[in-house]
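**Student:** Have a peek at start.cif (mmCIF, C-alpha atoms).
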data_model
#
loop_
_atom_site.group_PDB
_atom_site.id
_atom_site.type_symbol
_atom_site.label_atom_id
_atom_site.label_comp_id
_atom_site.auth_asym_id
_atom_site.auth_seq_id
_atom_site.Cartn_x
_atom_site.Cartn_y
_atom_site.Cartn_z
ATOM 1 C CA MET L 293 4.939 -18.879 -11.608
ATOM 2 C CA TYR L 294 4.125 -15.340 -12.708
ATOM 3 C CA ASP L 295 5.276 -14.245 -16.169
ATOM 4 C CA PHE L 296 6.871 -10.868 -15.443
ATOM 5 C CA SER L 297 6.666 -9.872 -19.096
ATOM 6 C CA ARG L 298 2.983 -9.257 -18.321
ATOM 7 C CA CYS L 299 2.894 -5.746 -16.911
ATOM 8 C CA LYS L 300 1.506 -5.573 -13.384
ATOM 9 C CA LEU L 301 -0.177 -2.253 -14.171
ATOM 10 C CA CYS L 302 -1.607 -2.324 -17.700
ATOM 11 C CA GLY L 303 -1.706 -6.129 -18.101
ATOM 12 C CA GLU L 304 -0.051 -6.136 -21.531
ATOM 13 C CA ASN L 305 2.749 -8.590 -22.351
ATOM 14 C CA THR L 306 5.100 -5.707 -23.077
ATOM 15 C CA ALA L 307 7.505 -5.666 -20.107
ATOM 16 C CA ALA L 308 11.167 -6.644 -20.142
ATOM 17 C CA PRO L 309 14.170 -6.369 -17.804
ATOM 18 C CA LYS L 310 15.634 -2.866 -17.871
ATOM 19 C CA TYR L 311 18.204 -2.918 -15.057
ATOM 20 C CA LYS L 312 19.964 -5.798 -13.357
ATOM 21 C CA LEU L 313 19.956 -5.108 -9.640
ATOM 22 C CA LYS L 314 21.132 -7.076 -6.620
ATOM 23 C CA GLN L 315 19.326 -10.447 -6.636
ATOM 24 C CA MET L 316 16.583 -9.086 -8.915
ATOM 25 C CA SER L 317 15.822 -7.451 -12.237
ATOM 26 C CA LEU L 318 13.900 -4.230 -12.612
ATOM 27 C CA TYR L 319 11.300 -4.594 -15.359
ATOM 28 C CA ALA L 320 9.868 -1.736 -17.395
ATOM 29 C CA CYS L 321 6.763 -1.885 -19.564
ATOM 30 C CA SER L 322 7.123 -0.485 -23.079
ATOM 31 C CA ASN L 323 3.376 0.215 -23.157
ATOM 32 C CA CYS L 324 2.877 2.182 -19.908
ATOM 33 C CA ASP L 325 6.461 2.513 -18.547
ATOM 34 C CA PHE L 326 5.597 0.905 -15.199
ATOM 35 C CA HIS L 327 8.635 -0.191 -13.146
ATOM 36 C CA TYR L 328 8.594 -3.304 -10.941
ATOM 37 C CA ILE L 329 10.939 -6.079 -9.853
ATOM 38 C CA ASP L 330 10.693 -9.772 -10.710
ATOM 39 C CA VAL L 331 9.927 -10.894 -7.146
ATOM 40 C CA LEU L 332 6.649 -11.830 -5.477
ATOM 41 C CA ASP L 333 6.091 -12.484 -1.794
ATOM 42 C CA ASP L 334 5.068 -15.883 -0.507
ATOM 43 C CA PHE L 335 2.930 -15.835 2.603
ATOM 44 C CA PRO L 336 3.990 -18.444 5.141
ATOM 45 C CA ASP L 337 1.521 -20.737 6.811
ATOM 46 C CA GLU L 338 0.177 -19.612 10.153
ATOM 47 C CA GLN L 339 1.399 -21.195 13.360
ATOM 48 C CA PRO L 340 -1.812 -21.523 15.383
ATOM 49 C CA GLY L 341 -1.244 -21.822 19.092
ATOM 50 C CA LYS L 342 2.348 -20.619 18.803
ATOM 51 C CA SER L 343 3.154 -16.993 19.545
ATOM 52 C CA LEU L 344 5.852 -15.281 17.483
ATOM 53 C CA LEU L 345 5.885 -12.225 19.731
ATOM 54 C CA THR L 346 9.032 -12.736 21.776
ATOM 55 C CA GLU L 347 10.167 -10.143 24.287
ATOM 56 C CA LYS L 348 12.896 -9.040 21.873
ATOM 57 C CA ALA L 349 10.401 -8.609 19.041
ATOM 58 C CA ARG L 350 7.971 -6.772 21.296
ATOM 59 C CA ASN L 351 10.650 -4.323 22.419
ATOM 60 C CA PHE L 352 11.773 -3.720 18.829
ATOM 61 C CA ILE L 353 8.247 -2.950 17.621
ATOM 62 C CA GLU L 354 7.660 -0.706 20.637
ATOM 63 C CA SER L 355 10.841 1.224 19.814
ATOM 64 C CA LYS L 356 9.480 2.068 16.352
ATOM 65 C CA LEU L 357 6.069 3.297 17.517
ATOM 66 C CA PRO L 358 6.999 6.905 18.483
ATOM 67 C CA GLN L 359 8.493 7.705 15.078
ATOM 68 C CA ASN L 360 5.683 5.940 13.233
ATOM 69 C CA ALA L 361 3.131 7.829 15.307
ATOM 70 C CA ILE L 362 4.424 11.160 14.017
ATOM 71 C CA GLN L 363 3.646 10.174 10.441
ATOM 72 C CA LEU L 364 0.415 8.341 11.172
ATOM 73 C CA LYS L 365 -1.021 11.250 13.149
ATOM 74 C CA LYS L 366 -0.491 13.400 10.058
ATOM 75 C CA ASP L 367 -2.254 10.715 8.051
ATOM 76 C CA LEU L 368 -5.169 10.807 10.492
ATOM 77 C CA GLU L 369 -5.459 14.591 10.180
ATOM 78 C CA PHE L 370 -5.515 14.173 6.393
ATOM 79 C CA VAL L 371 -8.415 11.733 6.706
ATOM 80 C CA LYS L 372 -10.281 13.937 9.198
ATOM 81 C CA ALA L 373 -10.014 16.884 6.806
ATOM 82 C CA HIS L 374 -12.325 14.963 4.451
ATOM 83 C CA VAL L 375 -14.424 12.669 6.653
ATOM 84 C CA ALA L 376 -16.170 13.024 10.009
ATOM 85 C CA LEU L 377 -15.033 9.754 11.568
ATOM 86 C CA ALA L 378 -17.522 9.238 14.406
ATOM 87 C CA GLY L 379 -19.146 5.835 13.909
ATOM 88 C CA VAL L 380 -17.616 5.401 10.450
ATOM 89 C CA PRO L 381 -16.382 1.928 9.382
ATOM 90 C CA CYS L 382 -12.775 2.166 8.146
ATOM 91 C CA LEU L 383 -10.365 -0.407 6.752
ATOM 92 C CA ASP L 384 -6.590 -0.023 7.001
ATOM 93 C CA ILE L 385 -4.755 -2.252 4.509
ATOM 94 C CA GLY L 386 -1.230 -3.115 5.606
ATOM 95 C CA ALA L 387 -1.964 -2.157 9.205
ATOM 96 C CA GLY L 388 1.400 -3.285 10.593
ATOM 97 C CA ALA L 389 1.448 -3.189 14.384
ATOM 98 C CA GLY L 390 -2.062 -1.705 14.537
ATOM 99 C CA LEU L 391 -1.147 1.881 15.362
ATOM 100 C CA PHE L 392 -3.293 3.550 12.706
ATOM 101 C CA PRO L 393 -6.408 1.469 13.485
ATOM 102 C CA SER L 394 -5.908 2.428 17.135
ATOM 103 C CA LEU L 395 -5.790 6.117 16.149
ATOM 104 C CA LEU L 396 -8.980 5.657 14.139
ATOM 105 C CA LYS L 397 -10.595 4.071 17.172
ATOM 106 C CA GLU L 398 -9.567 7.012 19.370
ATOM 107 C CA ALA L 399 -11.138 9.330 16.769
ATOM 108 C CA GLY L 400 -14.458 7.505 17.111
ATOM 109 C CA ALA L 401 -14.283 5.410 13.946
ATOM 110 C CA VAL L 402 -14.971 1.674 13.731
ATOM 111 C CA PRO L 403 -11.591 0.280 12.618
ATOM 112 C CA HIS L 404 -10.833 -2.881 10.678
ATOM 113 C CA GLY L 405 -7.387 -3.889 9.487
ATOM 114 C CA ILE L 406 -5.461 -6.255 7.248
ATOM 115 C CA GLU L 407 -1.978 -7.423 8.196
ATOM 116 C CA PRO L 408 -0.456 -10.591 6.708
ATOM 117 C CA GLN L 409 2.352 -10.866 9.285
ATOM 118 C CA GLN L 410 1.346 -12.850 12.355
ATOM 119 C CA ILE L 411 3.809 -11.137 14.668
ATOM 120 C CA PHE L 412 2.279 -7.706 14.016
ATOM 121 C CA ARG L 413 -1.242 -9.016 14.459
ATOM 122 C CA GLU L 414 -0.257 -10.443 17.832
ATOM 123 C CA PHE L 415 1.290 -7.124 18.852
ATOM 124 C CA ALA L 416 -1.778 -5.131 17.746
ATOM 125 C CA LEU L 417 -4.057 -7.354 19.800
ATOM 126 C CA GLU L 418 -1.840 -7.182 22.887
ATOM 127 C CA LYS L 419 -0.985 -3.479 22.717
ATOM 128 C CA PHE L 420 -4.099 -1.867 21.265
ATOM 129 C CA GLN L 421 -6.792 -4.554 21.629
ATOM 130 C CA ILE L 422 -7.154 -4.339 17.842
ATOM 131 C CA SER L 423 -7.904 -7.607 16.023
ATOM 132 C CA LEU L 424 -6.386 -7.543 12.533
ATOM 133 C CA ARG L 425 -7.156 -10.033 9.781
ATOM 134 C CA ARG L 426 -4.655 -12.054 7.805
ATOM 135 C CA GLU L 427 -6.814 -12.340 4.657
ATOM 136 C CA LEU L 428 -5.720 -10.023 1.843
ATOM 137 C CA ILE L 429 -8.120 -7.535 0.292
ATOM 138 C CA ASP L 430 -9.068 -9.771 -2.657
ATOM 139 C CA ASP L 431 -9.898 -12.721 -0.390
ATOM 140 C CA PRO L 432 -13.548 -13.899 -0.316
ATOM 141 C CA TYR L 433 -13.646 -12.983 3.382
ATOM 142 C CA TRP L 434 -13.604 -9.320 2.366
ATOM 143 C CA GLN L 435 -15.096 -9.460 -1.108
ATOM 144 C CA ASN L 436 -18.155 -11.496 -0.105
ATOM 145 C CA GLU L 437 -18.851 -10.078 3.332
ATOM 146 C CA TYR L 438 -17.837 -6.422 3.070
ATOM 147 C CA ALA L 439 -18.699 -5.314 -0.473
ATOM 148 C CA GLY L 440 -19.754 -1.655 -0.382
ATOM 149 C CA TYR L 441 -19.351 -1.558 3.401
ATOM 150 C CA PHE L 442 -16.574 0.921 4.193
ATOM 151 C CA ASP L 443 -16.691 4.705 4.124
ATOM 152 C CA VAL L 444 -12.901 4.900 4.295
ATOM 153 C CA VAL L 445 -10.082 2.608 3.141
ATOM 154 C CA THR L 446 -6.432 3.527 3.747
ATOM 155 C CA LEU L 447 -3.143 2.213 2.359
ATOM 156 C CA TRP L 448 -0.289 3.937 4.159
ATOM 157 C CA ASP L 449 3.106 2.928 2.744
ATOM 158 C CA THR L 450 1.514 -0.226 1.341
ATOM 159 C CA LEU L 451 0.829 -0.083 -2.411
ATOM 160 C CA GLU L 452 4.525 -0.358 -3.279
ATOM 161 C CA HIS L 453 4.741 -3.583 -1.234
ATOM 162 C CA VAL L 454 1.853 -5.647 -2.568
ATOM 163 C CA ASN L 455 2.308 -8.287 -5.247
ATOM 164 C CA PHE L 456 -0.350 -6.910 -7.606
ATOM 165 C CA PRO L 457 -1.117 -3.215 -7.036
ATOM 166 C CA ALA L 458 -3.783 -2.805 -9.746
ATOM 167 C CA GLU L 459 -5.767 -5.739 -8.357
ATOM 168 C CA THR L 460 -5.345 -4.362 -4.827
ATOM 169 C CA ILE L 461 -6.836 -0.989 -5.741
ATOM 170 C CA LYS L 462 -9.711 -2.560 -7.669
ATOM 171 C CA ALA L 463 -10.457 -4.964 -4.811
ATOM 172 C CA ALA L 464 -10.418 -2.039 -2.361
ATOM 173 C CA SER L 465 -12.818 -0.131 -4.593
ATOM 174 C CA ARG L 466 -15.371 -2.930 -4.371
ATOM 175 C CA LEU L 467 -15.403 -2.608 -0.565
ATOM 176 C CA ILE L 468 -15.977 1.151 -0.519
ATOM 177 C CA LYS L 469 -19.445 2.655 -0.490
ATOM 178 C CA PRO L 470 -20.416 4.904 -3.410
ATOM 179 C CA GLY L 471 -19.113 8.314 -2.391
ATOM 180 C CA GLY L 472 -16.603 6.767 0.032
ATOM 181 C CA TYR L 473 -12.921 7.619 0.236
ATOM 182 C CA LEU L 474 -9.594 5.946 -0.447
ATOM 183 C CA PHE L 475 -6.470 7.457 1.127
ATOM 184 C CA LEU L 476 -2.937 6.319 0.335
ATOM 185 C CA ASP L 477 0.698 7.250 0.265
ATOM 186 C CA THR L 478 3.390 5.636 -1.834
ATOM 187 C CA PRO L 479 6.872 6.564 -3.115
ATOM 188 C CA SER L 480 7.001 8.730 -6.229
ATOM 189 C CA ARG L 481 8.974 7.809 -9.317
ATOM 190 C CA ASP L 482 8.850 11.473 -10.274
ATOM 191 C CA SER L 483 11.102 12.326 -7.329
ATOM 192 C CA PHE L 484 14.554 13.760 -7.907
ATOM 193 C CA PHE L 485 16.100 10.850 -5.999
ATOM 194 C CA TYR L 486 14.532 8.275 -8.324
ATOM 195 C CA ARG L 487 15.604 10.156 -11.426
ATOM 196 C CA VAL L 488 19.178 10.410 -10.161
ATOM 197 C CA SER L 489 19.156 6.713 -9.213
ATOM 198 C CA GLU L 490 18.046 5.704 -12.693
ATOM 199 C CA TRP L 491 20.439 8.110 -14.378
ATOM 200 C CA SER L 492 23.397 6.733 -12.370
ATOM 201 C CA CYS L 493 22.515 3.137 -13.183
ATOM 202 C CA ARG L 494 22.005 3.842 -16.870
ATOM 203 C CA LEU L 495 25.178 5.874 -17.430
ATOM 204 C CA SER L 496 27.307 3.334 -15.565
ATOM 205 C CA GLN L 497 25.714 0.494 -17.568
ATOM 206 C CA GLY L 498 24.538 -1.055 -14.334
ATOM 207 C CA SER L 499 27.784 -0.889 -12.394
ATOM 208 C CA LYS L 500 26.464 1.884 -10.125
ATOM 209 C CA ALA L 501 23.013 0.631 -9.221
ATOM 210 C CA LEU L 502 23.371 1.211 -5.486
ATOM 211 C CA LEU L 503 20.697 3.913 -5.387
ATOM 212 C CA LEU L 504 18.127 1.786 -7.219
ATOM 213 C CA ASN L 505 18.994 -1.097 -4.917
ATOM 214 C CA SER L 506 18.021 1.154 -2.005
ATOM 215 C CA LEU L 507 14.569 1.702 -3.531
ATOM 216 C CA TYR L 508 13.743 -1.927 -4.342
ATOM 217 C CA SER L 509 14.398 -5.160 -2.486
ATOM 218 C CA PRO L 510 13.696 -8.868 -3.036
ATOM 219 C CA LYS L 511 13.204 -9.345 0.705
ATOM 220 C CA PRO L 512 9.662 -10.121 1.949
ATOM 221 C CA TYR L 513 7.323 -7.148 2.387
ATOM 222 C CA CYS L 514 9.728 -4.719 0.689
ATOM 223 C CA HIS L 515 9.284 -2.433 -2.317
ATOM 224 C CA LYS L 516 8.250 -4.222 -5.501
ATOM 225 C CA GLN L 517 7.068 -1.328 -7.664
ATOM 226 C CA ILE L 518 7.051 2.466 -7.733
ATOM 227 C CA PHE L 519 4.518 4.674 -9.513
ATOM 228 C CA THR L 520 4.733 7.935 -11.365
ATOM 229 C CA THR L 521 1.995 10.428 -10.559
ATOM 230 C CA ALA L 522 0.363 9.870 -13.950
ATOM 231 C CA GLN L 523 0.373 6.075 -13.498
ATOM 232 C CA LEU L 524 -1.194 6.255 -10.044
ATOM 233 C CA TRP L 525 -3.842 8.758 -11.141
ATOM 234 C CA ALA L 526 -4.769 6.571 -14.133
ATOM 235 C CA LEU L 527 -5.042 3.454 -11.945
ATOM 236 C CA LEU L 528 -7.284 5.247 -9.470
ATOM 237 C CA GLU L 529 -9.537 6.667 -12.173
ATOM 238 C CA ASN L 530 -9.758 3.306 -13.969
ATOM 239 C CA SER L 531 -10.822 1.753 -10.645
ATOM 240 C CA GLY L 532 -13.805 4.069 -10.249
ATOM 241 C CA PHE L 533 -12.252 6.900 -8.233
ATOM 242 C CA SER L 534 -11.972 10.627 -8.738
ATOM 243 C CA VAL L 535 -8.804 12.153 -7.313
ATOM 244 C CA VAL L 536 -9.825 14.760 -4.751
ATOM 245 C CA GLY L 537 -6.421 16.135 -3.874
ATOM 246 C CA ARG L 538 -2.997 15.752 -2.395
ATOM 247 C CA SER L 539 -2.046 16.360 1.207
ATOM 248 C CA SER L 540 -0.637 19.710 2.301
ATOM 249 C CA LEU L 541 0.326 18.103 5.625
ATOM 250 C CA HIS L 542 2.955 15.866 4.015
ATOM 251 C CA ARG L 543 5.839 17.788 2.526
ATOM 252 C CA SER L 544 8.125 15.047 1.252
ATOM 253 C CA GLY L 545 8.844 15.375 -2.461
ATOM 254 C CA ASN L 546 9.626 11.665 -2.562
ATOM 255 C CA LYS L 547 6.045 10.505 -1.876
ATOM 256 C CA LEU L 548 2.588 10.714 -3.352
ATOM 257 C CA VAL L 549 -0.038 11.306 -0.653
ATOM 258 C CA VAL L 550 -3.489 11.359 -2.160
ATOM 259 C CA THR L 551 -7.168 11.066 -1.398
ATOM 260 C CA CYS L 552 -9.770 10.030 -3.927
ATOM 261 C CA ARG L 553 -13.489 9.424 -3.858
ATOM 262 C CA LYS L 554 -15.469 6.562 -5.311
ATOM 263 C CA SER L 555 -18.054 7.493 -7.873
ATOM 264 C CA CYS L 556 -21.630 7.650 -6.628
ATOM 265 C CA GLU L 557 -22.799 6.220 -9.934
ATOM 266 C CA ARG L 558 -23.466 2.507 -10.281
ATOM 267 C CA ARG L 559 -23.180 0.464 -13.430
ATOM 268 C CA GLY L 560 -26.410 0.583 -15.342
ATOM 269 C CA GLY L 561 -27.592 3.729 -13.589
ATOM 270 C CA LYS L 562 -27.370 5.731 -10.391
#
Can you present the structure in this file as structure tokens?
**Tutor:**
Amino acid sequence: MYDFSRCKLCGENTAAPKYKLKQMSLYACSNCDFHYIDVLDDFPDEQPGKSLLTEKARNFIESKLPQNAIQLKKDLEFVKAHVALAGVPCLDIGAGAGLFPSLLKEAGAVPHGIEPQQIFREFALEKFQISLRRELIDDPYWQNEYAGYFDVVTLWDTLEHVNFPAETIKAASRLIKPGGYLFLDTPSRDSFFYRVSEWSCRLSQGSKALLLNSLYSPKPYCHKQIFTTAQLWALLENSGFSVVGRSSLHRSGNKLVVTCRKSCERRGGK
């Protein structure tokens, strides 16, 4: 059982419940002001030999692809603005139904992907002939076999969902070559909507927490934490990255869309 008083960003035992939300508490750290809920995902056992991809599920996922493609094509252009993708090994963390790895493949890259949900992995294999892995980024499968392997790692709409975001970024860093790139997008706590949500909850003494409840959820694979710009930048820099810039292709004020580059220096020398 995780002790949620231990901040999931700075690691200090300085966090406490700040707002009582629906079926969860929103914790805030007095040391770094990180916000996260007191819920972690459990990952169910696989069902080998049994397909979860029913016709209904397949049709539902298919119905979401056109809208998702609009965003992910922008993401691809953001990546291509920094990296020539031909022959480049790339890893997409939180690959979902496999659409972004398929776009990377079309662009000439060599795509790899992580997706913990079996139903999406089945869809990706059937639809795009993309084989995604269940193992999370800190698993020995990745850490032992792919250390320093990837030129590009992406986390599109993923960092806010993972159980331990600091560990996720640090584990991703170990898989990226010196000079390689990390691309991600994640909701921004600096957004006007978040500030209004917090203001409403605070002034109503918790009776009007509907807006915060729309930003966080205890359901599996939903939002567990949201970063400020300063918090995300500090995490990236502490994990060995230099922030290169933010995307001009993404115009939502509610999200942080960033690329950063891993230092070319190695510990103990270059």
**Student:** What residues come out when you apply the PyMOL selection byres ((chain L and resi 331-335) around 7) to this file, written as a list of chain:residue names?
**Tutor:**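 On this input, the PyMOL selection byres ((chain L and resi 331-335) around 7) captures L:Ile329, L:Asp330, L:Pro336, L:Asp337, L:Asn455, L:Pro510, L:Pro512, L:Tyr513.
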**Student:** I need the output of the PyMOL selection byres ((chain L and resi 347-355) around 12) for this file as JSON, numbers by chain; which residues are they?
**Tutor:** {"L": [343, 344, 345, 346, 356, 357, 358, 359, 360, 361, 388, 389, 390, 391, 411, 412, 413, 414, 415, 416, 418, 419, 420]}
**Student:** Could you make a table, as a Markdown table, of the residues of stretch 336-402 of chain L that have an atom within 10 Å of an atom of stretch 469-475 of chain L, each with its nearest atom pair and distance in Å to one decimal, counting all atoms listed in the file, in chain and number order?
**Tutor:**
| residue | atom | partner | partner_atom | distance |
| --- | --- | --- | --- | --- |
| L:Asp367 | CA | L:Phe475 | CA | 8.7 |
| L:Phe370 | CA | L:Phe475 | CA | 8.6 |
| L:Val371 | CA | L:Phe475 | CA | 7.3 |
| L:His374 | CA | L:Tyr473 | CA | 8.5 |
| L:Val375 | CA | L:Tyr473 | CA | 8.3 |
| L:Cys382 | CA | L:Tyr473 | CA | 9.6 |
| L:Leu383 | CA | L:Leu474 | CA | 9.6 |
| L:Asp384 | CA | L:Phe475 | CA | 9.5 |
**Student:** Could you tell me how far atom CA of L:Lys342 lies from atom CA of L:Ile429, in Å and to one decimal?
**Tutor:**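 Atom CA of L:Ile429 lies at a distance of 25.0 Å from atom CA of L:Lys342.
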**Student:** Between L:Ser531, L:Thr520, L:Gln339, L:Ser489, which has the minimum distance to L:Asn505 (counting only C-alpha atoms)?
**Tutor:**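 With only C-alpha atoms as the atom set, the closest residue is L:Ser489.
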**Student:** Rounded to one decimal, what separation in Å do you get between atom CA of L:Leu364 and atom CA of L:Thr446?
**Tutor:**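 Atom CA of L:Thr446 lies at a distance of 11.2 Å from atom CA of L:Leu364.
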**Student:** Find the residues around stretch 457-462 of chain L up to 9 Å (all atoms listed in the file counted), leave out those fewer than 4 positions away in its own chain, and share them as an MDAnalysis selection string.
**Tutor:** chainID L and resid 300:302 428:430 451:453 466 517 527:528 530:532
**Student:** What's the 7 Å shell around L:Asn546, counting all atoms listed in the file, without same-chain residues fewer than 4 positions away, as a ChimeraX atom specification?
**Tutor:** /L:479-480,483
**Student:** Select, from L:Leu476, L:Cys299, L:Cys493, L:Leu467, the residue with the minimum atom-to-atom distance to L:Gly537, counting all atoms listed in the file.
**Tutor:**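 For L:Gly537, the nearest of the given residues is L:Leu476.
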**Student:** Figure out the distance between atom CA of L:Val535 and atom CA of L:Glu369, please, to one decimal in Å.
**Tutor:**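 Distance between the two atoms: 18.0 Å.
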